[in-house]
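Here is the structure we will look at, set down as structure tokens.
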Amino acid sequence: ETITKLEIFEDYAQAWMPTFIMQKAPLICIFDFFAGTGYDKSGIAGSPIRLLNKINETQELIVSNGVKIDIYLNDFEPAKKEQKKFNLLRLSCDEYLNKYPSLKKIVKIIYDNEDFETLFPKLLPIIKTHPALVYLDQNGIKFTSEKYFLELEKTHQTDFLYFISSSY
């Protein structure tokens, strides 16, 4: 099921990006509020790496239209001393960008380690200002709330994917 969700996100991002790239939007933003580590324990790429793959595949179109992409990746670990997952996220993405250095000219990654409830209101003005793709795939249902749906629904250039585990 996790692979299916990742493939849906990947396919959606691939279809979504050209819409704003072809409009020559100077900046498009992609938000993954529950990003994980970049890869799972078996080495299978998670949403951040899959997203970078799709951007890499679209790189020529992005450059030719003068578009920049800001990616906001969040993985919250309450214990500040041991941020293993968060550090793995940074490491995974940094290694990817080092492997494909031309991406650094068009992609900026902003990393956060905050609780969704705190971070969402901080990033909402950015979501409202730029073409945005918001990916919400939490473990559980804690942040399944009308207030988040309603805020995203008010935006004009935002698409969002909100996955909720059927076990909940």
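Following the order of the structure tokens, first chain is A, next is B, and so on, with residues numbered from 1 inside each chain and ligands from 1 in the order they appear.
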Check: What's the 9 Å shell around stretch 26-30 of chain A, counting only C-alpha atoms, without same-chain residues fewer than 2 positions away, as a ChimeraX atom specification?
Finding: /A:13,17,20-21,23-24,32,65-73,126-127,130-135
Notebook entry, point to check: Mind checking DSSP for stretch 11-62 of chain A and telling me the alpha helix (DSSP H) residues as a ChimeraX atom specification?
Noted result: /A:11-22,47-57,59-62
For C-alpha atoms, I'd like the residues from the last selection saved as a short mmCIF file (atom, residue, chain, number, x, y, z; two decimals), in the first residue's frame.
```cif
data_model
loop_
_atom_site.label_atom_id
_atom_site.label_comp_id
_atom_site.auth_asym_id
_atom_site.auth_seq_id
_atom_site.Cartn_x
_atom_site.Cartn_y
_atom_site.Cartn_z
CA ASP A 11 2.65 10.28 -11.03
CA TYR A 12 0.66 13.24 -9.77
CA ALA A 13 3.78 15.38 -9.30
CA GLN A 14 4.97 14.44 -12.78
CA ALA A 15 1.66 15.52 -14.32
CA TRP A 16 1.26 18.60 -12.07
CA MET A 17 4.64 20.28 -12.58
CA PRO A 18 4.39 20.97 -16.34
CA THR A 19 1.17 22.93 -15.84
CA PHE A 20 3.02 25.66 -13.97
CA ILE A 21 6.34 25.20 -15.74
CA MET A 22 4.69 25.92 -19.10
CA SER A 47 8.50 10.61 -1.47
CA PRO A 48 11.43 13.10 -1.29
CA ILE A 49 13.67 11.04 -3.59
CA ARG A 50 10.83 10.15 -5.94
CA LEU A 51 10.02 13.84 -6.20
CA LEU A 52 13.63 14.71 -6.96
CA ASN A 53 13.63 11.99 -9.65
CA LYS A 54 10.60 13.59 -11.33
CA ILE A 55 12.16 17.04 -11.16
CA ASN A 56 15.37 15.61 -12.61
CA GLU A 57 13.40 14.05 -15.50
CA GLN A 59 14.88 19.48 -15.67
CA GLU A 60 15.28 20.62 -19.29
CA LEU A 61 11.72 21.96 -19.41
CA ILE A 62 12.17 23.68 -16.03
#
```
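All residues of stretch 4-143 of chain A that DSSP, run on the backbone, classes as strand (DSSP E or B) are Leu27, Ile28, Cys29, Ile30, Phe31, Asp32, Tyr39, Ala45, Lys68, Ile69, Asp70, Ile71, Tyr72, Leu73, Asn74, Val107, Lys108, Ile109, Ile110, Tyr111, Asp112, Ala132, Leu133, Val134, Tyr135, Leu136 and Asp137 of chain A.
Across the structure, atom CA of A:Asp94 and atom CA of A:Gly38 are spaced 10.3 Å apart.
Here atom CA of A:Lys104 is placed at a distance of 26.9 Å from atom CA of A:Lys5.
Considering only C-alpha atoms, the residue among A:Phe31, A:Phe76, A:Phe9, A:Phe160 positioned nearest to A:Ile110 is A:Phe31.
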Next item on the list: Pick out the closest residue to A:Thr58 from this set: A:Ile106, A:Thr129, A:Phe116, A:Glu151. Count only C-alpha atoms.
Entry: A:Ile106
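Of the residues listed (A:Thr37, A:Asp115, A:Ala25, A:Thr4), A:Thr37 shows the shortest atom-to-atom separation from A:Leu91; distances use only C-alpha atoms.
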